[in-house]
Amino acid sequence: LARGSAAPDLEGRHVVVSAGGTREPLDPVRFLGNRSSGKQGYALARTAAARGARVTLVAANTGLPDPAGVDVVRVGTAVQLREAVLKAAADADAVVMAAAVADFRPAAYVAGKIKKKDGQEPDPIVLVRNPDVLAEISADRARPGQVIVGFAAETDDVLANGRAKLARKGCDLLVVNEVGERKTFGAEESEAVVLGADGSETPVPYGPKEDLADTVWDLVVRRLG
Ligand code: CTP
Ligand code: CA
C-alpha cells in the first residue's frame with residue numbers, strides 16, 4: 001500500500017498523540033510499568049504527518065526511533081505525561097491518547113535503593129491514584145471543537161465496557177481493542193472498533209496498525225469539519 005500519497009486532509013492542523021506506557025518509580029532502579037510498546041501511537045503520528053499535520057508525539061518509554069517530521073517529547077511517568085499533553089494540547093485541533101497511562105503510582109519514592117533485610121518480610125507497596133489525563137482534557141477543552149480520542153483495551157464485554165468508558169471519559173471517540181494473551185501488546189497488527197459519542201460504531205478489521213490509525217484520522221477529520 002502506498003503511504004505518503006495520502007490526501008493532505010490534516011494540513012494546517014496540529015495534532016497531539018501520546019504513545020507508549022508510563023513507568024512509576026519505586027526507587028532509583030525499579031518501577032511499576034506496563035506492556036505497551038508504543039507502536040500504535042507511532043503509527044498514528046506517522047500517518048498524521050503523512051496527511052499533512054503538525055504532530056507532537058508524547059512518548060512514554062518507547063525506545064522506538066523518532067518518526068521523521070514529528071516533534072517528539074519524551075516522558076517517564078503519568079504526571080510528566082500529563083504536563084506534556086496539557087502543554088501541547090493548548091493549541092491542538094485533536095488529541096489522541098494512545099498511551100497506556102498507569103492508574104496508580106507508589107505513594108512514596110524511596111530515594112535510595114530498597115534493600116532486603118535479613119529475616120524480614122518486605123514492606124507492602126502503597127499506591128495512590130494518578131491523574132486521568134483523558135478525562136481532564138475532555139472535561140476542560142483547550143479549544144472549542146477540539147477532537148479528543150481515547151483508547152481502551154478490554155478483555156470482556158468489549159462493547160458495553162467501551163460505551164461506558166466513552167461516557168465516563170467524555171471524549172469524542174474511543175478505540176476499543178479486544179485483548180487476550182497474544183493480542184495487541186507488541187503485535188504488528190490489531191483489530192478494533194471505534195465508538196463515537198454520537199452513537200456511531202466503526203469496526204476496523206484485523207490488519208496493520210497504520211490502517212487503524214488512518215481510520216481514526218478519517219473520523220477525526222470528519223469531526224473537525
Ligand atoms: N488514560 C489517561 N489517564 C489515566 C488512565 C488512562 O489519560 N490515568 C487514558 C488512556 O490513555 C486511554 C484511556 O484513558 O486513552 C482509557 O484507558 P483505560 O486504562 O482503558 O481506562 P481507565 O479509566 O483507566 O479504566 P480501567 O479501570 O479499565 O483501566
Ligand atoms: Ca487504566
# chains A, B, ... in the order shown; residues from 1 in each chain; ligands from 1
call {"tool": "closest_atom_pairs", "arguments": {"of": "chain A", "to": "ligand 2", "cutoff": "9 Å", "atoms": "only C-alpha atoms and all ligand atoms", "output": "tab-separated table"}}
result
residue	atom	partner	partner_atom_place_in_ligand_line	distance
A:Ala100	CA	ligand 2	1 (Ca)	7.2
A:Val101	CA	ligand 2	1 (Ca)	6.5
A:Ala102	CA	ligand 2	1 (Ca)	6.3
A:Asp103	CA	ligand 2	1 (Ca)	5.0
A:Phe104	CA	ligand 2	1 (Ca)	8.6
A:Asp132	CA	ligand 2	1 (Ca)	8.8
A:Ala152	CA	ligand 2	1 (Ca)	8.2
A:Ala153	CA	ligand 2	1 (Ca)	8.8
call {"tool": "write_last_selection", "arguments": {"atoms": "C-alpha atoms", "output": "tab-separated table (two decimals), in the first residue's frame"}}
result
chain	number	residue	atom	x	y	z
A	100	ALA	CA	-1.12	3.29	28.47
A	101	VAL	CA	-1.15	5.57	31.50
A	102	ALA	CA	-0.61	3.91	34.87
A	103	ASP	CA	-3.74	4.25	37.00
A	104	PHE	CA	-1.68	4.20	40.20
A	132	ASP	CA	-6.78	10.84	34.46
A	152	ALA	CA	-9.24	1.18	25.66
A	153	ALA	CA	-8.15	-2.41	25.89
call {"tool": "residues_near_ligand", "arguments": {"ligand": "ligand 1", "cutoff": "9 Å", "atoms": "only C-alpha atoms and all ligand atoms", "output": "ChimeraX atom specification"}}
result
/A:18-19,21,78-79,81-82,96-104,129-137,149-154,161-162,165-166,168-169,174-176
call {"tool": "closest_residue", "arguments": {"among": "A:Val216, A:Cys171, A:Ala89, A:Leu127", "to": "Ala192 of chain A", "atoms": "only C-alpha atoms"}}
result
A:Val216
call {"tool": "select_by_dssp", "arguments": {"residues": "segment 147-204 of chain A", "states": "strand (DSSP E)", "output": "VMD selection string"}}
result
chain A and resid 147 to 154 173 to 178 189 to 196 201 to 204
call {"tool": "residues_around", "arguments": {"residues": "Arg223 of chain A", "least_positions_apart": "5", "cutoff": "12 Å", "atoms": "only C-alpha atoms", "output": "PDB file with C-alpha atoms, in the first residue's frame"}}
result
ATOM      1  CA  LEU A  10      -4.741  17.345   8.073  1.00  0.00           C
ATOM      2  CA  ASP A  93      -7.033  20.556  16.854  1.00  0.00           C
ATOM      3  CA  ALA A  94      -7.042  16.951  18.039  1.00  0.00           C
ATOM      4  CA  GLY A 145     -14.254  21.904  18.715  1.00  0.00           C
ATOM      5  CA  GLN A 146     -11.056  20.133  19.712  1.00  0.00           C
ATOM      6  CA  VAL A 147     -11.478  16.428  18.910  1.00  0.00           C
ATOM      7  CA  ILE A 148     -10.350  14.039  21.638  1.00  0.00           C
ATOM      8  CA  VAL A 149      -9.768  10.324  21.135  1.00  0.00           C
ATOM      9  CA  ASP A 172     -15.430  12.138  21.213  1.00  0.00           C
ATOM     10  CA  LEU A 173     -14.104   8.784  20.050  1.00  0.00           C
ATOM     11  CA  GLY A 196     -18.326   7.667  18.750  1.00  0.00           C
ATOM     12  CA  ALA A 197     -20.009   9.862  21.359  1.00  0.00           C
ATOM     13  CA  ASP A 198     -22.656  10.388  18.635  1.00  0.00           C
ATOM     14  CA  VAL A 216      -9.015   7.215  13.403  1.00  0.00           C
ATOM     15  CA  TRP A 217      -7.806  10.228  11.375  1.00  0.00           C
ATOM     16  CA  ASP A 218     -10.714   9.800   8.907  1.00  0.00           C
TER      17      ASP A 218
END
call {"tool": "select_by_dssp", "arguments": {"residues": "segment 8-140 of chain A", "states": "alpha helix (DSSP H)", "output": "ChimeraX atom specification"}}
result
/A:39-50,78-89,133-139
call {"tool": "atom_distance", "arguments": {"atom1": "atom CA of Gly33 of chain A", "atom2": "atom CA of Pro65 of chain A"}}
result
20.3 Å
call {"tool": "residues_around", "arguments": {"residues": "Gly112 of chain A", "least_positions_apart": "2", "cutoff": "10 Å", "atoms": "only C-alpha atoms", "output": "ChimeraX atom specification"}}
result
/A:26-29,109-110,114-115
call {"tool": "residues_around", "arguments": {"residues": "Val17 of chain A", "least_positions_apart": "6", "cutoff": "8 Å", "atoms": "only C-alpha atoms", "output": "count of residues only"}}
result
11
call {"tool": "atom_distance", "arguments": {"atom1": "atom CA of Arg46 of chain A", "atom2": "atom CA of Ala213 of chain A"}}
result
8.9 Å
call {"tool": "atom_distance", "arguments": {"atom1": "atom CA of His14 of chain A", "atom2": "atom CA of Asp71 of chain A"}}
result
10.8 Å
